[in-house]
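Structure file model.txt; described as compact mmCIF, C-alpha atoms and all ligand atoms.
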```
# COMPACT_ATOMS: atom_id res chain seq x y z
CA PRO A 1 0.00 0.00 0.00
CA PRO A 2 1.10 3.62 -0.52
CA LEU A 3 3.02 5.19 2.33
CA TYR A 4 0.23 7.51 3.51
CA LYS A 5 -2.07 4.50 3.90
CA GLN A 6 0.60 2.71 5.93
CA ARG A 7 0.80 5.74 8.24
CA TYR A 8 -2.98 5.80 8.72
CA GLN A 9 -3.01 2.04 9.28
CA PHE A 10 -0.33 2.45 11.94
CA ILE A 11 -2.67 4.84 13.80
CA LYS A 12 -5.68 2.55 13.33
CA ASP A 13 -3.69 -0.36 14.79
CA LEU A 14 -2.65 1.80 17.75
CA VAL A 15 -6.28 2.80 18.34
CA ALA A 16 -7.36 -0.86 18.19
CA LYS A 17 -4.68 -1.68 20.78
CA TYR A 18 -5.12 1.17 23.29
CA LYS A 19 -8.79 2.05 22.71
CA PRO A 20 -8.56 5.82 23.25
CA LYS A 21 -11.92 7.58 23.64
CA LYS A 22 -10.78 11.04 22.61
CA VAL A 23 -8.49 11.47 19.63
CA ALA A 24 -7.19 14.69 18.07
CA ASP A 25 -5.38 14.89 14.73
CA LEU A 26 -3.15 17.95 14.35
CA GLY A 27 -2.48 19.04 10.77
CA CYS A 28 -5.49 16.96 9.68
CA ALA A 29 -5.51 18.41 6.13
CA ASP A 30 -8.45 16.88 4.18
CA CYS A 31 -9.54 14.84 7.24
CA THR A 32 -8.85 11.43 5.70
CA LEU A 33 -7.41 10.00 8.93
CA LEU A 34 -10.33 11.39 10.97
CA TRP A 35 -12.76 9.90 8.50
CA MET A 36 -11.07 6.47 8.90
CA LEU A 37 -11.11 6.80 12.68
CA LYS A 38 -14.83 7.52 12.87
CA PHE A 39 -15.38 3.81 12.23
CA CYS A 40 -13.42 2.86 15.38
CA SER A 41 -16.14 2.07 17.88
CA CYS A 42 -14.05 2.97 20.96
CA ILE A 43 -13.81 6.63 19.92
CA GLU A 44 -16.34 9.11 21.34
CA VAL A 45 -14.63 12.38 20.53
CA LEU A 46 -12.69 13.19 17.36
CA ALA A 47 -11.11 16.57 16.73
CA GLY A 48 -9.08 17.94 13.84
CA LEU A 49 -6.90 21.02 13.64
CA ASP A 50 -5.29 22.63 10.60
CA ILE A 51 -3.88 26.03 9.78
CA CYS A 52 -5.44 25.81 6.31
CA ALA A 53 -9.25 26.08 6.49
CA SER A 54 -9.86 25.46 2.78
CA ILE A 55 -8.15 22.03 2.74
CA MET A 56 -10.10 20.99 5.83
CA LYS A 57 -13.40 22.04 4.28
CA GLU A 58 -12.78 20.24 0.98
CA LYS A 59 -14.07 16.85 2.12
CA MET A 60 -15.24 17.51 5.67
CA HIS A 61 -18.80 16.47 4.86
CA ARG A 62 -17.57 12.89 4.89
CA LEU A 63 -17.52 13.39 8.66
CA SER A 64 -21.26 14.03 8.84
CA PRO A 65 -23.55 11.23 9.96
CA LEU A 66 -25.05 9.11 7.18
CA PRO A 67 -28.77 8.30 7.08
CA GLY A 68 -27.89 4.84 8.41
CA ASP A 69 -26.34 6.37 11.49
CA TYR A 70 -29.76 7.72 12.43
CA LEU A 71 -31.73 4.66 11.37
CA GLN A 72 -29.55 2.30 13.36
CA PRO A 73 -28.35 4.33 16.32
CA THR A 74 -25.60 2.69 18.31
CA GLU A 75 -24.84 2.78 22.00
CA ARG A 76 -21.85 5.02 21.66
CA SER A 77 -22.00 8.73 21.08
CA LEU A 78 -19.56 10.38 18.70
CA THR A 79 -18.75 14.05 18.34
CA VAL A 80 -16.51 15.22 15.49
CA THR A 81 -15.18 18.78 15.52
CA LEU A 82 -12.84 20.61 13.17
CA HIS A 83 -10.88 23.64 14.28
CA HIS A 84 -9.01 26.22 12.24
CA GLY A 85 -5.80 27.25 13.98
CA SER A 86 -2.12 26.62 14.56
CA VAL A 87 -0.29 24.06 16.70
CA ALA A 88 1.79 27.01 17.87
CA HIS A 89 -1.24 28.25 19.86
CA LYS A 90 -3.04 26.81 22.89
CA ASP A 91 -6.81 26.41 22.96
CA PRO A 92 -8.81 24.73 25.76
CA CYS A 93 -10.74 22.65 23.18
CA MET A 94 -7.65 20.44 22.93
CA LEU A 95 -7.57 19.47 26.62
CA GLY A 96 -8.45 16.03 27.94
CA PHE A 97 -7.47 13.91 24.91
CA ASP A 98 -6.18 10.33 25.15
CA LEU A 99 -4.34 10.33 21.83
CA VAL A 100 -2.96 13.19 19.73
CA THR A 101 -1.59 12.38 16.27
CA CYS A 102 0.76 14.60 14.25
CA ILE A 103 1.27 12.84 10.93
CA GLU A 104 3.74 14.53 8.57
CA LEU A 105 3.19 17.84 10.35
CA ILE A 106 6.37 19.00 12.08
CA GLU A 107 8.46 19.29 8.89
CA HIS A 108 5.92 21.91 7.72
CA LEU A 109 6.48 24.13 10.76
CA GLU A 110 8.54 27.31 10.67
CA GLN A 111 11.38 27.46 13.18
CA SER A 112 9.32 29.69 15.51
CA GLU A 113 6.30 27.32 15.36
CA LEU A 114 8.45 24.25 15.95
CA LYS A 115 9.87 25.93 19.05
CA LYS A 116 6.38 26.43 20.51
CA PHE A 117 5.03 23.03 19.44
CA PRO A 118 6.32 20.92 22.40
CA GLU A 119 4.90 23.31 25.01
CA VAL A 120 1.51 23.33 23.26
CA VAL A 121 1.23 19.58 22.63
CA PHE A 122 3.10 18.03 25.57
CA GLY A 123 2.96 20.84 28.13
CA PHE A 124 -0.59 22.11 27.56
CA MET A 125 -2.65 19.44 25.78
CA SER A 126 -0.70 16.72 27.66
CA PRO A 127 -2.61 13.71 26.28
CA SER A 128 -1.80 10.16 27.45
CA MET A 129 -0.21 9.40 24.08
CA VAL A 130 1.27 11.44 21.23
CA VAL A 131 2.32 10.05 17.85
CA ILE A 132 4.61 12.10 15.62
CA SER A 133 5.67 11.02 12.14
CA THR A 134 8.13 12.79 9.84
CA PRO A 135 10.29 11.85 6.83
CA ASN A 136 13.56 10.04 7.54
CA SER A 137 16.05 11.96 5.38
CA GLU A 138 18.46 8.99 5.36
CA PHE A 139 15.96 7.23 3.07
CA ASN A 140 15.97 10.07 0.50
CA PRO A 141 18.81 8.76 -1.71
CA LEU A 142 16.54 5.76 -2.46
CA LEU A 143 13.72 8.00 -3.70
CA PRO A 144 13.91 8.87 -7.39
CA GLY A 145 14.13 12.57 -8.14
CA VAL A 146 14.48 13.76 -4.54
CA THR A 147 17.35 16.19 -4.30
CA LEU A 148 16.94 18.28 -1.13
CA PHE A 149 13.49 17.60 0.37
CA ARG A 150 10.61 15.33 -0.60
CA HIS A 151 8.21 18.29 -0.87
CA SER A 152 8.94 21.94 -1.55
CA ASP A 153 6.83 22.92 1.48
CA HIS A 154 9.09 21.04 3.91
CA LYS A 155 11.08 23.37 6.14
CA PHE A 156 13.47 20.54 7.12
CA GLU A 157 13.86 16.78 6.94
CA TRP A 158 15.66 14.99 9.75
CA THR A 159 17.92 11.97 10.00
CA ARG A 160 16.99 9.38 12.64
CA ALA A 161 19.60 10.85 14.98
CA GLN A 162 18.19 14.38 14.58
CA PHE A 163 14.57 13.32 15.13
CA GLN A 164 15.45 11.06 18.04
CA SER A 165 17.50 13.66 19.87
CA TRP A 166 14.67 16.23 19.51
CA ALA A 167 12.09 13.64 20.61
CA LEU A 168 14.12 12.38 23.57
CA GLU A 169 14.77 15.91 24.80
CA THR A 170 11.07 16.80 24.41
CA ALA A 171 10.00 13.61 26.22
CA ARG A 172 12.45 14.22 29.06
CA HIS A 173 11.33 17.82 29.49
CA TYR A 174 7.59 17.01 29.61
CA ASP A 175 7.87 13.68 31.48
CA TYR A 176 6.94 11.33 28.65
CA SER A 177 8.62 8.14 27.47
CA VAL A 178 9.22 7.72 23.73
CA GLU A 179 9.78 4.75 21.45
CA PHE A 180 10.81 4.88 17.82
CA THR A 181 9.49 2.91 14.88
CA GLY A 182 8.37 3.69 11.34
CA VAL A 183 6.62 2.60 8.17
CA GLY A 184 7.94 1.98 4.66
CA HIS A 185 10.60 -0.72 4.83
CA PRO A 186 13.86 -0.15 2.97
CA PRO A 187 14.70 -2.60 0.15
CA LYS A 188 16.74 -5.73 0.89
CA GLY A 189 20.38 -4.93 1.46
CA MET A 190 19.61 -1.27 2.33
CA GLU A 191 18.24 -1.91 5.82
CA ASN A 192 20.81 0.47 7.31
CA VAL A 193 18.89 3.55 6.06
CA GLY A 194 15.87 2.80 8.26
CA PHE A 195 12.16 3.36 7.58
CA CYS A 196 10.98 5.80 4.92
CA THR A 197 8.72 7.50 7.51
CA GLN A 198 10.04 7.70 11.06
CA ILE A 199 7.57 7.61 13.94
CA GLY A 200 7.89 8.49 17.62
CA VAL A 201 5.27 7.14 20.05
CA PHE A 202 5.22 9.17 23.28
CA VAL A 203 3.49 7.99 26.45
CA ARG A 204 2.82 10.31 29.39
CA LYS A 205 4.51 9.03 32.54
CA TYR A 206 2.40 10.88 35.10
CA PRO A 207 -1.32 10.24 35.66
CA GLN A 208 -3.96 12.49 34.12
CA ALA A 209 -4.73 15.44 36.39
CA SER A 210 -8.50 14.88 36.24
CA GLU A 211 -11.61 15.56 34.23
CA SER A 212 -11.37 19.10 35.54
CA ALA A 213 -8.05 19.68 33.78
CA GLN A 214 -9.91 22.06 31.48
CA PHE A 215 -10.69 24.34 34.38
CA GLU A 216 -7.22 24.18 35.84
CA LYS A 217 -5.69 25.59 32.69
CA PRO A 218 -7.69 28.71 31.96
CA THR A 219 -6.79 29.72 28.44
CA LYS A 220 -8.52 31.93 25.95
CA ALA A 221 -9.79 30.27 22.78
CA ALA A 222 -7.44 30.69 19.82
CA TYR A 223 -9.02 28.37 17.25
CA LYS A 224 -12.14 28.82 15.18
CA THR A 225 -14.58 25.90 14.96
CA VAL A 226 -15.40 25.22 11.32
CA PHE A 227 -17.37 21.98 11.59
CA LYS A 228 -19.22 19.97 14.22
CA ALA A 229 -21.20 16.75 13.92
CA VAL A 230 -22.92 14.88 16.75
CA TYR A 231 -23.86 11.26 16.19
N1 LIG B 301 -1.70 14.73 8.48
C1 LIG B 301 -2.09 14.70 7.08
C2 LIG B 301 -1.61 13.46 6.41
O1 LIG B 301 -0.85 12.72 7.01
O2 LIG B 301 -2.00 13.19 5.28
C3 LIG B 301 -1.62 15.94 6.33
C4 LIG B 301 -0.18 16.21 6.32
S1 LIG B 301 0.21 17.68 5.34
C5 LIG B 301 1.68 17.13 4.62
C6 LIG B 301 0.62 18.88 6.59
C7 LIG B 301 -0.56 19.63 7.10
O3 LIG B 301 -0.16 20.44 8.22
C8 LIG B 301 -1.17 20.59 6.08
O4 LIG B 301 -2.54 20.34 5.94
C9 LIG B 301 -0.89 21.97 6.66
O5 LIG B 301 -1.90 22.92 6.36
C10 LIG B 301 -0.83 21.67 8.15
N2 LIG B 301 -0.09 22.67 8.96
C11 LIG B 301 1.04 23.31 8.63
N3 LIG B 301 1.41 24.15 9.61
C12 LIG B 301 0.48 24.04 10.60
C13 LIG B 301 0.29 24.66 11.87
N4 LIG B 301 1.15 25.58 12.33
N5 LIG B 301 -0.78 24.30 12.61
C14 LIG B 301 -1.65 23.38 12.15
N6 LIG B 301 -1.53 22.77 10.96
C15 LIG B 301 -0.49 23.09 10.19
```
Using the file provided, produce a representation of the structure as structure tokens.
Ligand code: SAM
Amino acid sequence: PPLYKQRYQFIKDLVAKYKPKKVADLGCADCTLLWMLKFCSCIEVLAGLDICASIMKEKMHRLSPLPGDYLQPTERSLTVTLHHGSVAHKDPCMLGFDLVTCIELIEHLEQSELKKFPEVVFGFMSPSMVVISTPNSEFNPLLPGVTLFRHSDHKFEWTRAQFQSWALETARHYDYSVEFTGVGHPPKGMENVGFCTQIGVFVRKYPQASESAQFEKPTKAAYKTVFKAVY
């Protein structure tokens, strides 16, 4: 399967394993991952965030309930919300999540946004689990036609050592553990370059403050809600 599908499948497998109830996807783009996750019966709250409102709106109606959802109501409730905003800003709507995914997001951040990102995601949102994926630049020589970066919009692409040192320092600072894996296996004989996409899975070491975490972190809203569906 294409690489993006392998990344989404990685998240679906993680959801099947840990059964998070509240999942947020940062840099959700056209909401394809959110749309896939709405079929995971453990999930009760799904949220998406992107700095580009037009790409989010393109296919967001896939997230609306279908007639069948009303005809055969299930036990679980599901709320899907899309927010327009930046991962460099805090908003209380992102508190209380079990899993936050950032798939191919960080390499699109400007230096100043990347600097704020850990405090927003790990310090403020502080979900039980965070998944971050980003290109592994060591794989690039195997990709035809890639000279500097895989996409012109990438601000950087990291080697495994660069990503891992950033991730380990972030995890240490915010009291998370982190494990590294990836998707997109290198061809036989080239195993030393590692996965095409590198992935860090972060797990919070300290227990969740409480349901009232939202009230303990008074913050003004910074995002704009562009879509909401209640199943
Ligand atoms: N996660 C999706 C996926 O895996 O297919 C989309 C990845 S796309 C390469 C990166 C997305 O991050 C874009 O939709 C872009 O608009 C968004 N983005 C870039 N900077 C952002 C920021 N500061 N805050 C939120 N989203 C941002």
> Counting only C-alpha atoms and all ligand atoms, which protein, DNA or RNA residues come within 9 Å of ligand LIG 301 (chain B), given as a ChimeraX atom specification?
Replying inline: /A:4-5,7-8,25-33,49-53,55-56,84-89,101-110,113-114,117,133,151,153-154
> For the atom pair CA of Leu63 in chain A and CA of Leu99 in chain A, what is the interatomic distance in Å to one decimal place?
Replying inline: 18.9 Å
Can you write out as CSV which residues of range 39-148 of chain A fall within 12 Å of range 162-170 of chain A, alongside each residue's closest atom pair and its distance in Å to one decimal, counting only C-alpha atoms and ordering rows by chain and ascending residue number?
```
residue,atom,partner,partner_atom,distance
A:Ile106,CA,A:Phe163,CA,10.4
A:Glu107,CA,A:Phe163,CA,10.6
A:Leu114,CA,A:Trp166,CA,10.8
A:Lys115,CA,A:Thr170,CA,10.7
A:Lys116,CA,A:Thr170,CA,11.4
A:Phe117,CA,A:Thr170,CA,10.0
A:Pro118,CA,A:Thr170,CA,6.6
A:Glu119,CA,A:Thr170,CA,9.0
A:Val120,CA,A:Thr170,CA,11.6
A:Val121,CA,A:Thr170,CA,10.4
A:Phe122,CA,A:Thr170,CA,8.1
A:Gly123,CA,A:Thr170,CA,9.8
A:Val130,CA,A:Ala167,CA,11.1
A:Val131,CA,A:Ala167,CA,10.8
A:Ile132,CA,A:Ala167,CA,9.1
A:Ser133,CA,A:Phe163,CA,9.7
A:Thr134,CA,A:Phe163,CA,8.4
A:Pro135,CA,A:Phe163,CA,9.5
A:Asn136,CA,A:Phe163,CA,8.3
A:Ser137,CA,A:Gln162,CA,9.8
A:Glu138,CA,A:Gln162,CA,10.7
```
Hey, can you spit out that residue selection with C-alpha atoms as a compact mmCIF listing (two decimals), in the frame of the given file?
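Output below, filename part.txt:
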```txt
# COMPACT_ATOMS: atom_id res chain seq x y z
CA ILE A 106 6.37 19.00 12.08
CA GLU A 107 8.46 19.29 8.89
CA LEU A 114 8.45 24.25 15.95
CA LYS A 115 9.87 25.93 19.05
CA LYS A 116 6.38 26.43 20.51
CA PHE A 117 5.03 23.03 19.44
CA PRO A 118 6.32 20.92 22.40
CA GLU A 119 4.90 23.31 25.01
CA VAL A 120 1.51 23.33 23.26
CA VAL A 121 1.23 19.58 22.63
CA PHE A 122 3.10 18.03 25.57
CA GLY A 123 2.96 20.84 28.13
CA VAL A 130 1.27 11.44 21.23
CA VAL A 131 2.32 10.05 17.85
CA ILE A 132 4.61 12.10 15.62
CA SER A 133 5.67 11.02 12.14
CA THR A 134 8.13 12.79 9.84
CA PRO A 135 10.29 11.85 6.83
CA ASN A 136 13.56 10.04 7.54
CA SER A 137 16.05 11.96 5.38
CA GLU A 138 18.46 8.99 5.36
```
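The residue that comes closest to Lys228 in chain A, out of A:Ala47, A:Ile11, A:Met125, A:Val193 and on the basis of all atoms listed in the file, is A:Ala47.
Our summary of the geometry notes that CA of Val226 in chain A is positioned 12.5 Å from CA of Lys59 in chain A.
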>> Show me, as a PyMOL selection string, the residues that have an atom within 7 Å of Ser128 in chain A when counting only C-alpha atoms, minus same-chain residues fewer than 4 positions from it.
In response: chain A and resi 98-99+203-204
> CA of Ala229 in chain A to CA of Leu78 in chain A: how many Å, to one decimal?
Replying inline: 8.1 Å
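Nearest residue to Trp35 in chain A among A:Arg160, A:Arg62, A:His83, A:Lys19 is A:Arg62, counting all atoms listed in the file.
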> Looking at all atoms listed in the file, which of A:Cys93, A:Lys21, A:Ile43, A:Gln72 is the one that sits closest to Tyr223 in chain A?
Replying inline: A:Cys93
